[in-house]
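J.: First the structure, which I've put down as structure tokens, then a few questions once you've had a look.
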Amino acid sequence: MSTANPIPADLLERIAARAPGYDAANAFCTEDLDELRAAGYLRLGVPAEHGGQDLGLRATVAVQRTLAKAAPATALGLGMHQVWVQAARSVRARGGSFLQAVTDHAAADHLLAFGVSEPGNDAVLFDSSTTAEPDGDGGYRFTGTKVSTSLAPVWDVLSLFGKDTSGPEPVLVHGFTVRDDGGVTHHDDWDTLGMRATQSRTTVLDAVHVPAERIVRVLPVGPNQDPLTFGVFAAFELLVASVYVGIAERAVELAVTAVRDRTSLDGARRSDDPDVRRALADAQGAVDAVALQVDALARDVDDLVDHGARWFPLLVGTKARTVDAAQHVVDEALRVVGGSAYRAGSELARLARDVRAGQYHPSSRDSAARTIATALLGPIR
């Protein structure tokens, strides 16, 4: 693969052709993963000397945006691997080496997934309901329930995150388990409105043992600016946002094609209707605005720009605005195209279901607003 075209056009066409079937069958995108892995997708962010494309966050955002136009669920699910790879790049660029194992796994084409989200835990990376029990040799045993574990049927390496309360102060422990370790059970419970091919199933951890050499970070409970937190947060927010930019772009493309090919009974072209033209112009403007925001922040991550305390408000605000804009654009496309788009088998109808998943990824609109308000006004007293 070349840097200019990391996913060949013919592969994107096959991925797009398979997307409706995965959605209808509520099945994981197995063939997509197989072909993308063979094409070097899992190594996009790996340094060239280790067999990768050496893409930074900005370039990977562009890849994910393109992949999402073909198959949003494939892009979102496999994007979790890219989040870890880019988090490792961020840590390395800022002088750390504790995520080197992530880069090594990616270089070996191992698929990385997240075991972070928990039911009812809106603190995300800043607290955990999963217990991390020390084993006495620097390792831990993790017990708890995780939700929205994308790539559940197929991951090779799963990140784990839990709280150790055995000391004078509780701490948050980050480590990695591999399939052969055992103790991980996935429920077959991913039956959702959209993003079905991610198969982001509920995961139960039963004293999963992670040895000391696979524990990568121990942090205090609560908000922090640790390189791990920043690396994961920046990559997650922007790579997830890029998927929704791709959805919005595709919705505009579908709407433009539909109105160009349509005429009314009197022969008037739908594309000449001033209301349609205004609606599509506004939709494209909304896409342009969020696409530029996501691209600019990803560039700043790569370039080590120091936004200081502004980083987190900028990241959460951009992700939340992107999701809201994408949903608005898809809804406008449905309205402009008309009743044909409302059929269950139409691509726009699938996008309308997929786009609504965005509100459930951290950070939500409400969480983003709280973060921004705290940055402006300070914490609530």
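So you can find residues: chains in the structure tokens are A, B, ... in the order shown, residues in each start at 1, and ligands are numbered from 1 in order.
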As JSON, numbers by chain, please: the residues near Val259 of chain A (cut-off 10 Å, only C-alpha atoms, same-chain neighbours under 4 positions excluded).

T.: {"A": [254, 255, 263, 269, 270, 271, 272, 273, 276, 277, 336, 337, 338]}

J.: Dump all heavy atoms for the selected residues as a compact mmCIF listing (two decimals), in the first residue's frame?

T.:
```
# COMPACT_ATOMS: atom_id res chain seq x y z
N LEU A 254 -24.96 10.82 -1.53
CA LEU A 254 -26.16 10.08 -1.91
C LEU A 254 -27.31 11.02 -2.25
O LEU A 254 -28.06 10.78 -3.21
CB LEU A 254 -26.57 9.13 -0.78
CG LEU A 254 -25.63 7.95 -0.52
CD1 LEU A 254 -26.00 7.26 0.78
CD2 LEU A 254 -25.68 6.96 -1.68
N ALA A 255 -27.44 12.09 -1.48
CA ALA A 255 -28.51 13.05 -1.75
C ALA A 255 -28.30 13.76 -3.08
O ALA A 255 -29.23 13.95 -3.86
CB ALA A 255 -28.61 14.05 -0.61
N THR A 263 -36.78 13.90 -11.72
CA THR A 263 -37.59 14.99 -12.28
C THR A 263 -39.03 14.82 -11.82
O THR A 263 -39.48 13.70 -11.53
CB THR A 263 -37.54 15.00 -13.82
OG1 THR A 263 -38.01 13.72 -14.30
CG2 THR A 263 -36.13 15.26 -14.32
N ARG A 269 -36.48 19.61 -12.89
CA ARG A 269 -35.47 18.82 -12.21
C ARG A 269 -35.46 19.12 -10.72
O ARG A 269 -35.50 20.28 -10.31
CB ARG A 269 -34.09 19.11 -12.81
CG ARG A 269 -33.95 18.72 -14.28
CD ARG A 269 -32.50 18.71 -14.70
NE ARG A 269 -31.83 19.96 -14.38
CZ ARG A 269 -30.51 20.14 -14.47
NH1 ARG A 269 -29.74 19.12 -14.84
NH2 ARG A 269 -29.97 21.30 -14.18
N ARG A 270 -35.39 18.06 -9.93
CA ARG A 270 -35.35 18.23 -8.48
C ARG A 270 -34.13 19.04 -8.07
O ARG A 270 -34.18 19.83 -7.12
CB ARG A 270 -35.30 16.83 -7.83
CG ARG A 270 -35.18 16.81 -6.32
CD ARG A 270 -36.46 17.16 -5.64
NE ARG A 270 -36.41 16.84 -4.21
CZ ARG A 270 -37.13 17.46 -3.29
NH1 ARG A 270 -37.98 18.42 -3.65
NH2 ARG A 270 -37.05 17.12 -2.03
N SER A 271 -33.03 18.89 -8.80
CA SER A 271 -31.80 19.60 -8.46
C SER A 271 -31.91 21.11 -8.71
O SER A 271 -31.03 21.86 -8.28
CB SER A 271 -30.62 19.04 -9.24
OG SER A 271 -30.84 19.15 -10.62
N ASP A 272 -32.95 21.56 -9.41
CA ASP A 272 -33.15 22.99 -9.65
C ASP A 272 -34.03 23.65 -8.59
O ASP A 272 -34.18 24.88 -8.58
CB ASP A 272 -33.79 23.22 -11.03
CG ASP A 272 -32.83 22.90 -12.17
OD1 ASP A 272 -31.61 22.89 -11.92
OD2 ASP A 272 -33.31 22.66 -13.29
N ASP A 273 -34.61 22.85 -7.72
CA ASP A 273 -35.49 23.37 -6.65
C ASP A 273 -34.63 24.20 -5.69
O ASP A 273 -33.67 23.68 -5.11
CB ASP A 273 -36.14 22.20 -5.92
CG ASP A 273 -37.15 22.65 -4.88
OD1 ASP A 273 -36.89 23.64 -4.17
OD2 ASP A 273 -38.19 21.99 -4.74
N VAL A 276 -34.12 22.69 -2.22
CA VAL A 276 -33.20 21.55 -2.22
C VAL A 276 -31.76 22.05 -2.30
O VAL A 276 -30.88 21.57 -1.57
CB VAL A 276 -33.50 20.61 -3.41
CG1 VAL A 276 -32.39 19.57 -3.58
CG2 VAL A 276 -34.84 19.92 -3.20
N ARG A 277 -31.53 23.01 -3.15
CA ARG A 277 -30.18 23.53 -3.30
C ARG A 277 -29.67 24.16 -2.00
O ARG A 277 -28.53 23.98 -1.60
CB ARG A 277 -30.14 24.54 -4.45
CG ARG A 277 -30.47 23.92 -5.80
CD ARG A 277 -30.52 24.96 -6.91
NE ARG A 277 -29.19 25.43 -7.29
CZ ARG A 277 -28.42 24.84 -8.19
NH1 ARG A 277 -28.83 23.72 -8.79
NH2 ARG A 277 -27.23 25.34 -8.49
N VAL A 336 -34.49 15.47 1.80
CA VAL A 336 -34.34 15.93 0.43
C VAL A 336 -34.59 14.81 -0.58
O VAL A 336 -35.23 15.00 -1.61
CB VAL A 336 -32.93 16.52 0.24
CG1 VAL A 336 -32.60 16.70 -1.24
CG2 VAL A 336 -32.81 17.86 0.96
N VAL A 337 -34.09 13.61 -0.27
CA VAL A 337 -34.24 12.49 -1.20
C VAL A 337 -35.69 12.03 -1.27
O VAL A 337 -36.19 11.65 -2.33
CB VAL A 337 -33.30 11.34 -0.80
CG1 VAL A 337 -33.60 10.08 -1.62
CG2 VAL A 337 -31.85 11.77 -0.99
N GLY A 338 -36.37 12.04 -0.14
CA GLY A 338 -37.78 11.64 -0.15
C GLY A 338 -38.00 10.20 0.28
O GLY A 338 -37.11 9.55 0.84
```

J.: Write out as a list in words each polymer residue whose atoms come within 12 Å of Tyr360 of chain A, counting only C-alpha atoms; drop sequence neighbours fewer than 5 positions from it.

T.: Ser117, Asp122, Val147, Ser148, Gly194, Met195, Val240, Lys319, Ala320, Val323, Asp324, Asp354, Val355, Arg365, Asp366 and Ser367 of chain A

J.: Limited to N, CA and C atoms, could you put the picked residues into a file as a PDB file, in the first residue's frame?

T.:
```pdb
ATOM      1  N   SER A 117     -14.967   0.774  28.761  1.00  0.00           N
ATOM      2  CA  SER A 117     -16.309   1.246  29.108  1.00  0.00           C
ATOM      3  C   SER A 117     -17.004   0.286  30.066  1.00  0.00           C
ATOM      4  N   ASP A 122     -19.699   7.089  33.913  1.00  0.00           N
ATOM      5  CA  ASP A 122     -19.515   8.222  33.007  1.00  0.00           C
ATOM      6  C   ASP A 122     -18.202   8.954  33.279  1.00  0.00           C
ATOM      7  N   VAL A 147     -18.640  -2.923  28.876  1.00  0.00           N
ATOM      8  CA  VAL A 147     -19.671  -2.840  27.831  1.00  0.00           C
ATOM      9  C   VAL A 147     -19.075  -2.195  26.585  1.00  0.00           C
ATOM     10  N   SER A 148     -19.787  -2.371  25.482  1.00  0.00           N
ATOM     11  CA  SER A 148     -19.375  -1.778  24.199  1.00  0.00           C
ATOM     12  C   SER A 148     -17.940  -2.157  23.847  1.00  0.00           C
ATOM     13  N   GLY A 194     -27.993   0.387  15.070  1.00  0.00           N
ATOM     14  CA  GLY A 194     -27.007   0.606  14.020  1.00  0.00           C
ATOM     15  C   GLY A 194     -25.625   0.173  14.469  1.00  0.00           C
ATOM     16  N   MET A 195     -24.634   0.420  13.626  1.00  0.00           N
ATOM     17  CA  MET A 195     -23.248   0.019  13.878  1.00  0.00           C
ATOM     18  C   MET A 195     -23.159  -1.441  14.303  1.00  0.00           C
ATOM     19  N   VAL A 240     -12.920   8.619  16.306  1.00  0.00           N
ATOM     20  CA  VAL A 240     -14.372   8.406  16.307  1.00  0.00           C
ATOM     21  C   VAL A 240     -15.070   9.518  15.526  1.00  0.00           C
ATOM     22  N   LYS A 319     -15.640  16.450  19.062  1.00  0.00           N
ATOM     23  CA  LYS A 319     -16.341  15.177  18.860  1.00  0.00           C
ATOM     24  C   LYS A 319     -17.846  15.366  18.953  1.00  0.00           C
ATOM     25  N   ALA A 320     -18.328  16.081  19.980  1.00  0.00           N
ATOM     26  CA  ALA A 320     -19.768  16.266  20.160  1.00  0.00           C
ATOM     27  C   ALA A 320     -20.380  17.048  19.001  1.00  0.00           C
ATOM     28  N   VAL A 323     -20.642  14.803  15.824  1.00  0.00           N
ATOM     29  CA  VAL A 323     -21.753  13.851  15.868  1.00  0.00           C
ATOM     30  C   VAL A 323     -23.083  14.559  15.615  1.00  0.00           C
ATOM     31  N   ASP A 324     -23.296  15.710  16.261  1.00  0.00           N
ATOM     32  CA  ASP A 324     -24.538  16.456  16.052  1.00  0.00           C
ATOM     33  C   ASP A 324     -24.669  16.913  14.605  1.00  0.00           C
ATOM     34  N   ASP A 354     -26.877   4.182  11.734  1.00  0.00           N
ATOM     35  CA  ASP A 354     -25.489   4.192  12.204  1.00  0.00           C
ATOM     36  C   ASP A 354     -25.113   5.504  12.871  1.00  0.00           C
ATOM     37  N   VAL A 355     -25.565   6.617  12.305  1.00  0.00           N
ATOM     38  CA  VAL A 355     -25.120   7.921  12.799  1.00  0.00           C
ATOM     39  C   VAL A 355     -25.578   8.162  14.232  1.00  0.00           C
ATOM     40  N   ARG A 365     -22.741  14.729  24.412  1.00  0.00           N
ATOM     41  CA  ARG A 365     -22.959  16.178  24.329  1.00  0.00           C
ATOM     42  C   ARG A 365     -22.995  16.805  25.720  1.00  0.00           C
ATOM     43  N   ASP A 366     -23.705  16.160  26.668  1.00  0.00           N
ATOM     44  CA  ASP A 366     -23.807  16.716  28.024  1.00  0.00           C
ATOM     45  C   ASP A 366     -22.456  16.700  28.737  1.00  0.00           C
ATOM     46  N   SER A 367     -21.731  15.594  28.582  1.00  0.00           N
ATOM     47  CA  SER A 367     -20.408  15.506  29.209  1.00  0.00           C
ATOM     48  C   SER A 367     -19.462  16.547  28.629  1.00  0.00           C
TER      49      SER A 367
END
```

J.: Select from segment 130-162 of chain A every residue with an atom at most 12 Å from any atom of segment 74-94 of chain A, then for each give the shortest pair of atoms and their distance in Å to one decimal, using only C-alpha atoms, rows by chain and rising number, as a Markdown table.

T.:
```
| residue | atom | partner | partner_atom | distance |
| --- | --- | --- | --- | --- |
| A:Ser148 | CA | A:Gly77 | CA | 10.1 |
| A:Thr149 | CA | A:Gly77 | CA | 9.1 |
| A:Ser150 | CA | A:Gly77 | CA | 5.5 |
| A:Leu151 | CA | A:Gly77 | CA | 6.1 |
| A:Ala152 | CA | A:Gly77 | CA | 9.5 |
| A:Pro153 | CA | A:Gly77 | CA | 11.3 |
| A:Val154 | CA | A:Leu78 | CA | 10.5 |
| A:Trp155 | CA | A:His81 | CA | 9.1 |
| A:Asp156 | CA | A:His81 | CA | 10.4 |
| A:Val157 | CA | A:His81 | CA | 9.6 |
| A:Leu158 | CA | A:His81 | CA | 9.8 |
| A:Ser159 | CA | A:Trp84 | CA | 9.1 |
```

J.: The selected residues should be written to file as a compact mmCIF listing (two decimals), in the first residue's frame (atoms: N, CA, C and O atoms).

T.:
```txt
# COMPACT_ATOMS: atom_id res chain seq x y z
N SER A 148 -19.79 -2.37 25.48
CA SER A 148 -19.38 -1.78 24.20
C SER A 148 -17.94 -2.16 23.85
O SER A 148 -17.13 -1.31 23.44
N THR A 149 -17.63 -3.46 23.99
CA THR A 149 -16.30 -3.94 23.66
C THR A 149 -16.26 -4.27 22.18
O THR A 149 -16.52 -5.41 21.76
N SER A 150 -15.96 -3.27 21.36
CA SER A 150 -15.87 -3.50 19.92
C SER A 150 -14.81 -4.54 19.60
O SER A 150 -13.82 -4.67 20.34
N LEU A 151 -15.02 -5.28 18.51
CA LEU A 151 -14.11 -6.33 18.06
C LEU A 151 -14.15 -7.55 18.98
O LEU A 151 -13.26 -8.40 18.93
N ALA A 152 -15.20 -7.67 19.79
CA ALA A 152 -15.27 -8.75 20.78
C ALA A 152 -15.00 -10.14 20.21
O ALA A 152 -14.27 -10.92 20.84
N PRO A 153 -15.51 -10.50 19.04
CA PRO A 153 -15.29 -11.88 18.58
C PRO A 153 -13.87 -12.17 18.11
O PRO A 153 -13.50 -13.33 17.96
N VAL A 154 -13.06 -11.12 17.83
CA VAL A 154 -11.84 -11.36 17.06
C VAL A 154 -10.57 -10.74 17.60
O VAL A 154 -9.49 -10.95 17.04
N TRP A 155 -10.62 -9.95 18.67
CA TRP A 155 -9.41 -9.28 19.12
C TRP A 155 -8.32 -10.29 19.49
O TRP A 155 -8.60 -11.39 19.96
N ASP A 156 -7.10 -9.86 19.32
CA ASP A 156 -5.94 -10.63 19.77
C ASP A 156 -5.43 -10.13 21.12
O ASP A 156 -4.94 -10.92 21.94
N VAL A 157 -5.53 -8.81 21.33
CA VAL A 157 -5.04 -8.16 22.54
C VAL A 157 -6.13 -7.21 23.03
O VAL A 157 -6.64 -6.40 22.26
N LEU A 158 -6.48 -7.32 24.31
CA LEU A 158 -7.53 -6.49 24.89
C LEU A 158 -6.96 -5.66 26.04
O LEU A 158 -6.35 -6.22 26.97
N SER A 159 -7.16 -4.35 25.98
CA SER A 159 -6.73 -3.51 27.10
C SER A 159 -7.69 -3.68 28.26
O SER A 159 -8.90 -3.81 28.08
```

J.: Which of these residues is nearest to Glu347 of chain A, using only C-alpha atoms: A:Arg65, A:Arg250, A:Arg37, A:Arg370?

T.: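 When distances to Glu347 of chain A are compared using only C-alpha atoms, the smallest one comes from A:Arg250.
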
J.: As a list in words, which residues of segment 136-233 of chain A does DSSP assign to alpha helix (DSSP H)?

T.: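 Secondary structure check on segment 136-233 of chain A, alpha helix (DSSP H): Pro227, Leu228, Thr229, Phe230, Gly231, Val232 and Phe233 of chain A.
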
J.: Just the selected residues (all heavy atoms), exported as a short mmCIF file (atom, residue, chain, number, x, y, z; two decimals), in the first residue's frame, please.

T.:
```
data_model
loop_
_atom_site.label_atom_id
_atom_site.label_comp_id
_atom_site.auth_asym_id
_atom_site.auth_seq_id
_atom_site.Cartn_x
_atom_site.Cartn_y
_atom_site.Cartn_z
N PRO A 227 0.40 11.18 30.00
CA PRO A 227 0.53 10.91 28.57
C PRO A 227 -0.36 9.77 28.07
O PRO A 227 -0.83 9.80 26.92
CB PRO A 227 2.01 10.56 28.40
CG PRO A 227 2.69 11.27 29.52
CD PRO A 227 1.73 11.23 30.67
N LEU A 228 -0.63 8.76 28.92
CA LEU A 228 -1.55 7.70 28.50
C LEU A 228 -2.95 8.25 28.33
O LEU A 228 -3.61 8.00 27.31
CB LEU A 228 -1.56 6.57 29.54
CG LEU A 228 -2.61 5.49 29.27
CD1 LEU A 228 -2.27 4.69 28.04
CD2 LEU A 228 -2.77 4.56 30.48
N THR A 229 -3.42 9.00 29.32
CA THR A 229 -4.76 9.57 29.26
C THR A 229 -4.90 10.48 28.04
O THR A 229 -5.88 10.38 27.28
CB THR A 229 -5.05 10.36 30.54
OG1 THR A 229 -4.86 9.52 31.68
CG2 THR A 229 -6.47 10.89 30.53
N PHE A 230 -3.92 11.35 27.84
CA PHE A 230 -4.00 12.25 26.70
C PHE A 230 -3.95 11.48 25.38
O PHE A 230 -4.74 11.74 24.47
CB PHE A 230 -2.86 13.27 26.73
CG PHE A 230 -2.83 14.14 25.50
CD1 PHE A 230 -3.71 15.20 25.36
CD2 PHE A 230 -1.96 13.87 24.45
CE1 PHE A 230 -3.72 15.98 24.22
CE2 PHE A 230 -1.95 14.63 23.30
CZ PHE A 230 -2.84 15.71 23.18
N GLY A 231 -3.03 10.53 25.28
CA GLY A 231 -2.88 9.80 24.02
C GLY A 231 -4.13 9.05 23.63
O GLY A 231 -4.58 9.10 22.48
N VAL A 232 -4.72 8.33 24.60
CA VAL A 232 -5.94 7.59 24.32
C VAL A 232 -7.09 8.54 24.03
O VAL A 232 -7.85 8.35 23.07
CB VAL A 232 -6.29 6.67 25.51
CG1 VAL A 232 -7.69 6.09 25.35
CG2 VAL A 232 -5.27 5.54 25.62
N PHE A 233 -7.23 9.58 24.84
CA PHE A 233 -8.35 10.49 24.71
C PHE A 233 -8.31 11.22 23.37
O PHE A 233 -9.32 11.30 22.66
CB PHE A 233 -8.31 11.50 25.86
CG PHE A 233 -9.63 12.13 26.18
CD1 PHE A 233 -10.53 11.47 26.99
CD2 PHE A 233 -9.99 13.36 25.66
CE1 PHE A 233 -11.76 12.04 27.29
CE2 PHE A 233 -11.20 13.93 25.95
CZ PHE A 233 -12.10 13.27 26.76
#
```
